[in-house]
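Peer 1: The structure's right below; bear with me while I get my questions together.
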Amino acid sequence: MRHLINILDFSIKEVEELIDLADDIIANPEKYNEACKHKILATLFFEPSTRTRLSFESAMLSLGGTTLGFSSASSSSASKGESVADTIAVVSGYSDILVMRHPKEGAPFVARKHANVPIINAGDGGHHHPTQTLTDMLTIKHEKGRLNNLTIGLCGDLKYGRTVHSLIEAMSRYTGIKFCLISPKELALPGFVKKNCLEKEGVEYQEFTDLEEAMPQLDILYMTRIQQERFIDRDEYIRLKDCYILTKEKMELAKDDMCVLHPLPRVNEISVDVDDDKRACYFKQTLYGKYMRMALILKLLSLKDEKEKDDGKEIVLSETKCSNPHCITTIEQEIKPLTYVDDHGTTRCAYCDKMIK
Ligand code: NCD
């Protein structure tokens, strides 16, 4: 059985098949009306969501299936102390495919081991968000006509922004990609993405603290929200929260065909007067999300008999516990510490990919 925990769980070919399937769904929606008849999608959201959860539900209903689930940890037995493993083992019996979002990094990695249905990661802490990336790629393909030869500006919270991490991992596999990483120093891209993806794959990147300086060269500007809920120091959040605001004036520095994306929700980082600009694609992006999730549900259900993909990491039991306060291992004591050694010889937690100190 196949799962989608990390965008790299799918090969480039599989991602392209998903894009083609989403395009066929857009062109011929009636063909898919009953494609998931009698199938049940479970949506387990231990953390808030509007677009991701509702687009998954809308996707399953448009495929003729049904949905069940919860939209907050407080309305599930997690609030009584039930583990992720037990929740997944139970809900696997009530559904054919399961989508989960959790505030702790590595929670879907735990879930996968206890599930007998495909698991889709809809966001784990500040780690990964592969279905947003598939949505972003479908949007880029439609708006720019290609997935290669692009200069992509990523602006805002690159430290905790999980959509950014997954998008970098996915787009680094294409040729002619350059990333402009625009963030305050405190919110720079973490080592597990910079070292194990950009540097490992030899992808060109440049770091900026100033949005205006990067703007003229961008084909895509991917704005992100400063992830308030991940900050340990509230004063730091207050100091950084309005560090980038995209305005109509700043848009004058951009190429005529630059495309502005944002996974949403926006807080203050794109001024509403940018919404009328033909380059503002973030609301279109939300609609692509529904079609891509229809394609993903169909694909994972059709791959049920396939073997799980081996990501090549040699994972071993460790004596040292992960010290990342956002890692799932810090709240669920019975989870065994697991590690792997990356290509730079650094030992990392198998759940959250943070360096083991
Ligand atoms: C993002 C998320 O949850 O990571 N939203 C989404 O899924 N569309 C971005 C965010 O919350 O800032």
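Identifiers in the structure tokens: chain A, B, ... in order shown; residue index from 1 per chain; ligand index from 1 in order shown.
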Around ligand 1, at most 8 Å away and counting only C-alpha atoms and all ligand atoms, which residues are there? Put them as a list in words, please.
Peer 2: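 Protein and nucleic-acid residues within 8 Å of ligand 1: Pro48, Ser49, Thr50, Arg51, Thr52, Ala122, Gly123, Gly126, His129, Gln132, Gly161, Arg162, Thr163, Thr224, Arg225, Ile226, Gln227, His262, Pro263, Leu264, Pro265, Arg266 and Thr286 of chain A.
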Peer 1: Counting only C-alpha atoms, which residues in segment 217-302 of chain A sit no more than 10 Å from segment 61-82 of chain A? For each one, give the nearest pair of atoms and the distance in Å, sorted by chain then residue number, as CSV.
Peer 2:
residue,atom,partner,partner_atom,distance
A:Lys290,CA,A:Ser62,CA,9.5
A:Tyr291,CA,A:Ser62,CA,9.6
A:Met294,CA,A:Leu63,CA,7.1
A:Ala295,CA,A:Leu63,CA,9.7
A:Ile297,CA,A:Leu63,CA,9.1
A:Leu298,CA,A:Leu63,CA,8.7
Peer 1: So that I have them on file, write out the residues from the current selection with N, CA and C atoms, as a PDB file, in the first residue's frame.
Peer 2:
ATOM      1  N   LYS A 290      -8.800  21.467  -4.932  1.00  0.00           N
ATOM      2  CA  LYS A 290      -9.868  20.457  -4.934  1.00  0.00           C
ATOM      3  C   LYS A 290      -9.618  19.410  -6.034  1.00  0.00           C
ATOM      4  N   TYR A 291      -9.294  19.877  -7.244  1.00  0.00           N
ATOM      5  CA  TYR A 291      -9.100  18.931  -8.348  1.00  0.00           C
ATOM      6  C   TYR A 291      -7.889  18.029  -8.104  1.00  0.00           C
ATOM      7  N   MET A 294      -8.838  15.391  -5.677  1.00  0.00           N
ATOM      8  CA  MET A 294      -9.644  14.329  -6.331  1.00  0.00           C
ATOM      9  C   MET A 294      -8.691  13.343  -7.008  1.00  0.00           C
ATOM     10  N   ALA A 295      -7.723  13.887  -7.726  1.00  0.00           N
ATOM     11  CA  ALA A 295      -6.761  13.027  -8.432  1.00  0.00           C
ATOM     12  C   ALA A 295      -5.978  12.164  -7.438  1.00  0.00           C
ATOM     13  N   ILE A 297      -6.817  11.165  -4.345  1.00  0.00           N
ATOM     14  CA  ILE A 297      -7.646  10.106  -3.737  1.00  0.00           C
ATOM     15  C   ILE A 297      -7.756   8.932  -4.716  1.00  0.00           C
ATOM     16  N   LEU A 298      -8.043   9.254  -5.983  1.00  0.00           N
ATOM     17  CA  LEU A 298      -8.174   8.192  -6.995  1.00  0.00           C
ATOM     18  C   LEU A 298      -6.874   7.400  -7.134  1.00  0.00           C
TER      19      LEU A 298
END
Peer 1: Could you tell me how far atom CA of Asp124 of chain A lies from atom CA of His102 of chain A, in Å and to one decimal?
Peer 2: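 One can read the atom CA of Asp124 of chain A to atom CA of His102 of chain A distance as 5.0 Å.
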Peer 1: Excluding segment 181-192 of chain A and any residue of its chain fewer than 5 positions from it, enumerate the residues within 9 Å of it, using only C-alpha atoms, and give them as a ChimeraX atom specification.
Peer 2: /A:152-161,164-165,197,205-211,214,226,236,240,243-244,348,353-355
Peer 1: Please save N, CA and C atoms of the selected residues as an mmCIF file, in the first residue's frame.
Peer 2:
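Okay, out_8.cif is ready:
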data_model
loop_
_atom_site.group_PDB
_atom_site.id
_atom_site.type_symbol
_atom_site.label_atom_id
_atom_site.label_comp_id
_atom_site.auth_asym_id
_atom_site.auth_seq_id
_atom_site.Cartn_x
_atom_site.Cartn_y
_atom_site.Cartn_z
ATOM 1 N N ILE A 152 11.987 31.015 -8.464
ATOM 2 C CA ILE A 152 10.888 30.978 -7.494
ATOM 3 C C ILE A 152 11.303 31.700 -6.218
ATOM 4 N N GLY A 153 10.589 32.756 -5.878
ATOM 5 C CA GLY A 153 10.848 33.477 -4.625
ATOM 6 C C GLY A 153 9.938 32.927 -3.541
ATOM 7 N N LEU A 154 10.549 32.568 -2.403
ATOM 8 C CA LEU A 154 9.761 32.067 -1.268
ATOM 9 C C LEU A 154 9.939 33.089 -0.165
ATOM 10 N N CYS A 155 8.853 33.679 0.292
ATOM 11 C CA CYS A 155 8.980 34.840 1.165
ATOM 12 C C CYS A 155 8.205 34.675 2.470
ATOM 13 N N GLY A 156 8.870 34.955 3.585
ATOM 14 C CA GLY A 156 8.175 34.967 4.880
ATOM 15 C C GLY A 156 8.803 34.018 5.869
ATOM 16 N N ASP A 157 7.994 33.086 6.370
ATOM 17 C CA ASP A 157 8.452 32.161 7.412
ATOM 18 C C ASP A 157 8.961 30.869 6.781
ATOM 19 N N LEU A 158 10.248 30.873 6.435
ATOM 20 C CA LEU A 158 10.809 29.696 5.766
ATOM 21 C C LEU A 158 11.241 28.642 6.779
ATOM 22 N N LYS A 159 11.265 29.044 8.066
ATOM 23 C CA LYS A 159 11.662 28.105 9.107
ATOM 24 C C LYS A 159 10.511 27.151 9.430
ATOM 25 N N TYR A 160 9.361 27.714 9.743
ATOM 26 C CA TYR A 160 8.225 26.880 10.156
ATOM 27 C C TYR A 160 7.227 26.621 9.024
ATOM 28 N N GLY A 161 7.387 27.266 7.890
ATOM 29 C CA GLY A 161 6.407 27.129 6.799
ATOM 30 C C GLY A 161 6.539 25.784 6.097
ATOM 31 N N VAL A 164 6.501 25.517 2.275
ATOM 32 C CA VAL A 164 7.760 25.898 1.616
ATOM 33 C C VAL A 164 8.701 24.692 1.539
ATOM 34 N N HIS A 165 8.793 23.941 2.645
ATOM 35 C CA HIS A 165 9.714 22.796 2.669
ATOM 36 C C HIS A 165 9.331 21.775 1.597
ATOM 37 N N CYS A 197 18.481 18.905 0.613
ATOM 38 C CA CYS A 197 17.758 19.028 -0.645
ATOM 39 C C CYS A 197 18.523 19.973 -1.568
ATOM 40 N N TYR A 205 20.503 28.675 -5.320
ATOM 41 C CA TYR A 205 19.646 29.491 -4.458
ATOM 42 C C TYR A 205 20.414 30.704 -3.969
ATOM 43 N N GLN A 206 19.645 31.731 -3.594
ATOM 44 C CA GLN A 206 20.225 32.980 -3.122
ATOM 45 C C GLN A 206 19.370 33.420 -1.938
ATOM 46 N N GLU A 207 20.010 33.932 -0.880
ATOM 47 C CA GLU A 207 19.228 34.349 0.288
ATOM 48 C C GLU A 207 19.100 35.860 0.327
ATOM 49 N N PHE A 208 17.918 36.344 0.681
ATOM 50 C CA PHE A 208 17.637 37.777 0.765
ATOM 51 C C PHE A 208 16.942 38.073 2.086
ATOM 52 N N THR A 209 17.137 39.299 2.585
ATOM 53 C CA THR A 209 16.261 39.731 3.683
ATOM 54 C C THR A 209 15.263 40.768 3.147
ATOM 55 N N ASP A 210 15.551 41.253 1.922
ATOM 56 C CA ASP A 210 14.754 42.325 1.355
ATOM 57 C C ASP A 210 13.914 41.804 0.166
ATOM 58 N N LEU A 211 12.591 41.905 0.259
ATOM 59 C CA LEU A 211 11.717 41.412 -0.815
ATOM 60 C C LEU A 211 11.913 42.206 -2.108
ATOM 61 N N ALA A 214 14.779 41.110 -4.371
ATOM 62 C CA ALA A 214 14.621 39.846 -5.109
ATOM 63 C C ALA A 214 13.580 39.958 -6.229
ATOM 64 N N ILE A 226 3.565 34.254 8.667
ATOM 65 C CA ILE A 226 4.459 33.963 9.792
ATOM 66 C C ILE A 226 3.663 33.044 10.731
ATOM 67 N N GLU A 236 9.207 37.206 20.026
ATOM 68 C CA GLU A 236 9.864 37.088 18.721
ATOM 69 C C GLU A 236 8.809 37.152 17.605
ATOM 70 N N LEU A 240 8.467 39.929 14.523
ATOM 71 C CA LEU A 240 8.654 39.529 13.125
ATOM 72 C C LEU A 240 7.373 39.521 12.301
ATOM 73 N N CYS A 243 6.894 41.455 8.915
ATOM 74 C CA CYS A 243 8.176 41.759 8.265
ATOM 75 C C CYS A 243 8.051 41.891 6.750
ATOM 76 N N TYR A 244 7.089 41.230 6.122
ATOM 77 C CA TYR A 244 6.905 41.398 4.676
ATOM 78 C C TYR A 244 5.428 41.645 4.376
ATOM 79 N N ARG A 348 19.996 12.246 12.118
ATOM 80 C CA ARG A 348 18.718 12.975 12.178
ATOM 81 C C ARG A 348 17.604 12.080 12.716
ATOM 82 N N ASP A 353 13.163 14.788 11.142
ATOM 83 C CA ASP A 353 14.360 15.123 10.348
ATOM 84 C C ASP A 353 15.278 16.131 11.028
ATOM 85 N N LYS A 354 15.018 16.521 12.277
ATOM 86 C CA LYS A 354 15.917 17.469 12.936
ATOM 87 C C LYS A 354 17.180 16.737 13.392
ATOM 88 N N MET A 355 18.282 17.514 13.500
ATOM 89 C CA MET A 355 19.568 16.964 13.885
ATOM 90 C C MET A 355 19.475 16.424 15.322
#
Peer 1: Enumerate as a PyMOL selection string all residues of segment 288-347 of chain A assigned to helix (DSSP H, G or I) by DSSP on the backbone, naming them with the chain letters and numbers the document uses.
Peer 2: chain A and resi 288-302+328-330
Peer 1: Convert the current residue selection to file output with C-alpha atoms, as a short mmCIF file (atom, residue, chain, number, x, y, z; two decimals), in the first residue's frame.
Peer 2:
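As a result, again.cif now contains:
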data_model
loop_
_atom_site.label_atom_id
_atom_site.label_comp_id
_atom_site.auth_asym_id
_atom_site.auth_seq_id
_atom_site.Cartn_x
_atom_site.Cartn_y
_atom_site.Cartn_z
CA TYR A 288 -6.89 23.73 -8.12
CA GLY A 289 -6.52 22.20 -4.64
CA LYS A 290 -9.87 20.46 -4.93
CA TYR A 291 -9.10 18.93 -8.35
CA MET A 292 -5.65 17.82 -7.28
CA ARG A 293 -7.07 16.15 -4.17
CA MET A 294 -9.64 14.33 -6.33
CA ALA A 295 -6.76 13.03 -8.43
CA LEU A 296 -4.78 12.05 -5.34
CA ILE A 297 -7.65 10.11 -3.74
CA LEU A 298 -8.17 8.19 -6.99
CA LYS A 299 -4.48 7.48 -7.39
CA LEU A 300 -3.89 6.23 -3.84
CA LEU A 301 -6.98 4.03 -3.91
CA SER A 302 -5.79 2.53 -7.20
CA ILE A 328 5.80 13.83 17.93
CA THR A 329 8.25 11.80 20.08
CA THR A 330 8.19 14.54 22.72
#
Peer 1: Using only C-alpha atoms, which residue out of A:Thr133, A:Ser271, A:Asn116, A:Asn324 lies closest to Ile232 of chain A?
Peer 2: A:Asn324
Peer 1: Have a look at atom CA of Arg101 of chain A and atom CA of Glu14 of chain A and let me know their distance in Å, one decimal.
Peer 2: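 For atom CA of Arg101 of chain A relative to atom CA of Glu14 of chain A, the distance reads 22.9 Å.
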Peer 1: List the neighbours of Asn6 of chain A out to 7 Å using only C-alpha atoms; skip same-chain residues closer than 3 positions along the sequence, and give me the result as a list in words.
Peer 2: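 After dropping sequence-adjacent residues, the list is Asp9, His128 and Pro130 of chain A.
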Peer 1: Going by DSSP on the backbone, which residues of segment 121-347 of chain A come out as strand (DSSP E)? List them as an NGL selection string.
Peer 2: :A and (121-124 or 150-155 or 177-182 or 204-208 or 220-223 or 259-261 or 316-317 or 338-341 or 347)
Peer 1: Can those selected residues be exported to a file as a JSON list (two decimals), in the first residue's frame so that it contains N, CA and C atoms?
Peer 2:
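After the write, result_11.json holds the following:
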[["chain", "number", "residue", "atom", "x", "y", "z"],
["A", 121, "ASN", "N", -0.69, 12.86, 4.41],
["A", 121, "ASN", "CA", -0.27, 13.90, 5.35],
["A", 121, "ASN", "C", -0.80, 15.26, 4.88],
["A", 122, "ALA", "N", -1.69, 15.84, 5.67],
["A", 122, "ALA", "CA", -2.24, 17.17, 5.31],
["A", 122, "ALA", "C", -1.56, 18.26, 6.13],
["A", 123, "GLY", "N", -0.32, 17.98, 6.56],
["A", 123, "GLY", "CA", 0.46, 18.97, 7.32],
["A", 123, "GLY", "C", 0.83, 18.42, 8.68],
["A", 124, "ASP", "N", 2.15, 18.34, 8.95],
["A", 124, "ASP", "CA", 2.61, 17.92, 10.29],
["A", 124, "ASP", "C", 3.54, 18.99, 10.83],
["A", 150, "LEU", "N", 12.41, 28.05, -13.90],
["A", 150, "LEU", "CA", 11.65, 29.06, -13.15],
["A", 150, "LEU", "C", 12.50, 29.61, -12.01],
["A", 151, "THR", "N", 12.39, 30.90, -11.78],
["A", 151, "THR", "CA", 13.00, 31.49, -10.58],
["A", 151, "THR", "C", 11.86, 31.71, -9.58],
["A", 152, "ILE", "N", 11.99, 31.01, -8.46],
["A", 152, "ILE", "CA", 10.89, 30.98, -7.49],
["A", 152, "ILE", "C", 11.30, 31.70, -6.22],
["A", 153, "GLY", "N", 10.59, 32.76, -5.88],
["A", 153, "GLY", "CA", 10.85, 33.48, -4.62],
["A", 153, "GLY", "C", 9.94, 32.93, -3.54],
["A", 154, "LEU", "N", 10.55, 32.57, -2.40],
["A", 154, "LEU", "CA", 9.76, 32.07, -1.27],
["A", 154, "LEU", "C", 9.94, 33.09, -0.16],
["A", 155, "CYS", "N", 8.85, 33.68, 0.29],
["A", 155, "CYS", "CA", 8.98, 34.84, 1.16],
["A", 155, "CYS", "C", 8.20, 34.67, 2.47],
["A", 177, "ILE", "N", 15.79, 25.35, -12.15],
["A", 177, "ILE", "CA", 15.08, 25.99, -11.04],
["A", 177, "ILE", "C", 16.08, 26.78, -10.19],
["A", 178, "LYS", "N", 15.70, 28.02, -9.89],
["A", 178, "LYS", "CA", 16.49, 28.82, -8.94],
["A", 178, "LYS", "C", 15.54, 29.30, -7.83],
["A", 179, "PHE", "N", 15.99, 29.19, -6.59],
["A", 179, "PHE", "CA", 15.17, 29.68, -5.48],
["A", 179, "PHE", "C", 15.75, 30.97, -4.91],
["A", 180, "CYS", "N", 14.89, 31.94, -4.66],
["A", 180, "CYS", "CA", 15.27, 33.14, -3.92],
["A", 180, "CYS", "C", 14.59, 33.01, -2.55],
["A", 181, "LEU", "N", 15.40, 32.84, -1.52],
["A", 181, "LEU", "CA", 14.87, 32.59, -0.17],
["A", 181, "LEU", "C", 14.81, 33.91, 0.58],
["A", 182, "ILE", "N", 13.62, 34.44, 0.77],
["A", 182, "ILE", "CA", 13.46, 35.79, 1.33],
["A", 182, "ILE", "C", 12.86, 35.67, 2.73],
["A", 204, "GLU", "N", 20.44, 25.84, -7.48],
["A", 204, "GLU", "CA", 20.88, 27.22, -7.26],
["A", 204, "GLU", "C", 19.93, 27.95, -6.30],
["A", 205, "TYR", "N", 20.50, 28.67, -5.32],
["A", 205, "TYR", "CA", 19.65, 29.49, -4.46],
["A", 205, "TYR", "C", 20.41, 30.70, -3.97],
["A", 206, "GLN", "N", 19.65, 31.73, -3.59],
["A", 206, "GLN", "CA", 20.23, 32.98, -3.12],
["A", 206, "GLN", "C", 19.37, 33.42, -1.94],
["A", 207, "GLU", "N", 20.01, 33.93, -0.88],
["A", 207, "GLU", "CA", 19.23, 34.35, 0.29],
["A", 207, "GLU", "C", 19.10, 35.86, 0.33],
["A", 208, "PHE", "N", 17.92, 36.34, 0.68],
["A", 208, "PHE", "CA", 17.64, 37.78, 0.77],
["A", 208, "PHE", "C", 16.94, 38.07, 2.09],
["A", 220, "ILE", "N", 7.87, 33.41, -10.05],
["A", 220, "ILE", "CA", 6.82, 33.08, -9.08],
["A", 220, "ILE", "C", 7.21, 33.70, -7.74],
["A", 221, "LEU", "N", 6.24, 34.31, -7.09],
["A", 221, "LEU", "CA", 6.47, 34.79, -5.73],
["A", 221, "LEU", "C", 5.51, 34.03, -4.83],
["A", 222, "TYR", "N", 6.07, 33.21, -3.93],
["A", 222, "TYR", "CA", 5.25, 32.39, -3.04],
["A", 222, "TYR", "C", 5.30, 33.03, -1.66],
["A", 223, "MET", "N", 4.24, 33.73, -1.30],
["A", 223, "MET", "CA", 4.19, 34.42, -0.01],
["A", 223, "MET", "C", 3.71, 33.43, 1.06],
["A", 259, "CYS", "N", 3.85, 35.36, -11.15],
["A", 259, "CYS", "CA", 2.62, 34.76, -10.61],
["A", 259, "CYS", "C", 2.75, 34.77, -9.07],
["A", 260, "VAL", "N", 1.77, 35.38, -8.39],
["A", 260, "VAL", "CA", 1.82, 35.42, -6.92],
["A", 260, "VAL", "C", 0.98, 34.27, -6.36],
["A", 261, "LEU", "N", 1.63, 33.43, -5.58],
["A", 261, "LEU", "CA", 0.93, 32.31, -4.93],
["A", 261, "LEU", "C", 1.00, 32.49, -3.42],
["A", 316, "VAL", "N", 17.44, 3.34, 12.13],
["A", 316, "VAL", "CA", 17.84, 2.46, 13.25],
["A", 316, "VAL", "C", 17.26, 2.98, 14.56],
["A", 317, "LEU", "N", 17.15, 2.07, 15.50],
["A", 317, "LEU", "CA", 16.69, 2.42, 16.85],
["A", 317, "LEU", "C", 17.80, 3.20, 17.54],
["A", 338, "LEU", "N", 13.92, 6.82, 16.67],
["A", 338, "LEU", "CA", 14.52, 6.24, 15.47],
["A", 338, "LEU", "C", 15.34, 7.32, 14.78],
["A", 339, "THR", "N", 16.47, 6.94, 14.22],
["A", 339, "THR", "CA", 17.32, 7.92, 13.53],
["A", 339, "THR", "C", 17.84, 7.36, 12.21],
["A", 340, "TYR", "N", 18.40, 8.28, 11.41],
["A", 340, "TYR", "CA", 19.13, 7.87, 10.20],
["A", 340, "TYR", "C", 20.29, 8.84, 10.03],
["A", 341, "VAL", "N", 21.26, 8.45, 9.24],
["A", 341, "VAL", "CA", 22.41, 9.32, 8.98],
["A", 341, "VAL", "C", 22.26, 9.88, 7.58],
["A", 347, "THR", "N", 23.42, 12.82, 12.04],
["A", 347, "THR", "CA", 22.36, 11.91, 12.52],
["A", 347, "THR", "C", 21.09, 12.73, 12.71]]
Peer 1: Please identify all polymer residues within 12 Å of Lys31 of chain A, counting only C-alpha atoms, omitting same-chain residues fewer than 4 positions from it, and present them as an mmCIF file with C-alpha atoms, in the first residue's frame.
Peer 2:
data_model
loop_
_atom_site.group_PDB
_atom_site.id
_atom_site.type_symbol
_atom_site.label_atom_id
_atom_site.label_comp_id
_atom_site.auth_asym_id
_atom_site.auth_seq_id
_atom_site.Cartn_x
_atom_site.Cartn_y
_atom_site.Cartn_z
ATOM 1 C CA LEU A 21 -5.422 13.191 -14.034
ATOM 2 C CA ASP A 24 -8.799 15.368 -17.065
ATOM 3 C CA ILE A 25 -11.045 15.862 -14.012
ATOM 4 C CA ILE A 26 -11.177 19.610 -14.729
ATOM 5 C CA ALA A 27 -12.102 18.918 -18.373
ATOM 6 C CA ALA A 35 -15.526 6.933 -9.231
ATOM 7 C CA CYS A 36 -15.462 6.532 -5.428
ATOM 8 C CA SER A 62 -17.538 15.030 -6.062
ATOM 9 C CA LEU A 63 -16.157 11.536 -6.640
ATOM 10 C CA GLY A 64 -19.385 10.038 -5.291
#
Peer 1: When you count only C-alpha atoms, which of these residues is closest to Asp23 of chain A: A:Thr135, A:Asn149, A:Thr87, A:Ser58?
Peer 2: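 Among A:Thr135, A:Asn149, A:Thr87, A:Ser58, it is A:Thr135 that comes nearest to Asp23 of chain A.
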Peer 1: Give me, as a list in words, all polymer residues having an atom no more than 6 Å from Ala115 of chain A, counting only C-alpha atoms and skipping those fewer than 2 positions away in the same chain.
Peer 2: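 Result of the neighbour search: Ile88, Ala89, Ser92, Arg112, Lys113 and Val117 of chain A.
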Peer 1: Just checking: using only C-alpha atoms, which residue out of A:Asp342, A:Met251, A:Met171, A:Asp273 ends up closest to Lys141 of chain A?
Peer 2: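 Closest residue, counting only C-alpha atoms: A:Met171.
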Peer 1: Give me the residues within 9 Å of Phe109 of chain A as a list in words, counting only C-alpha atoms and dropping any in the same chain fewer than 5 places off.
Peer 2: Ile5, Asn121, Ala350, Tyr351 and Cys352 of chain A
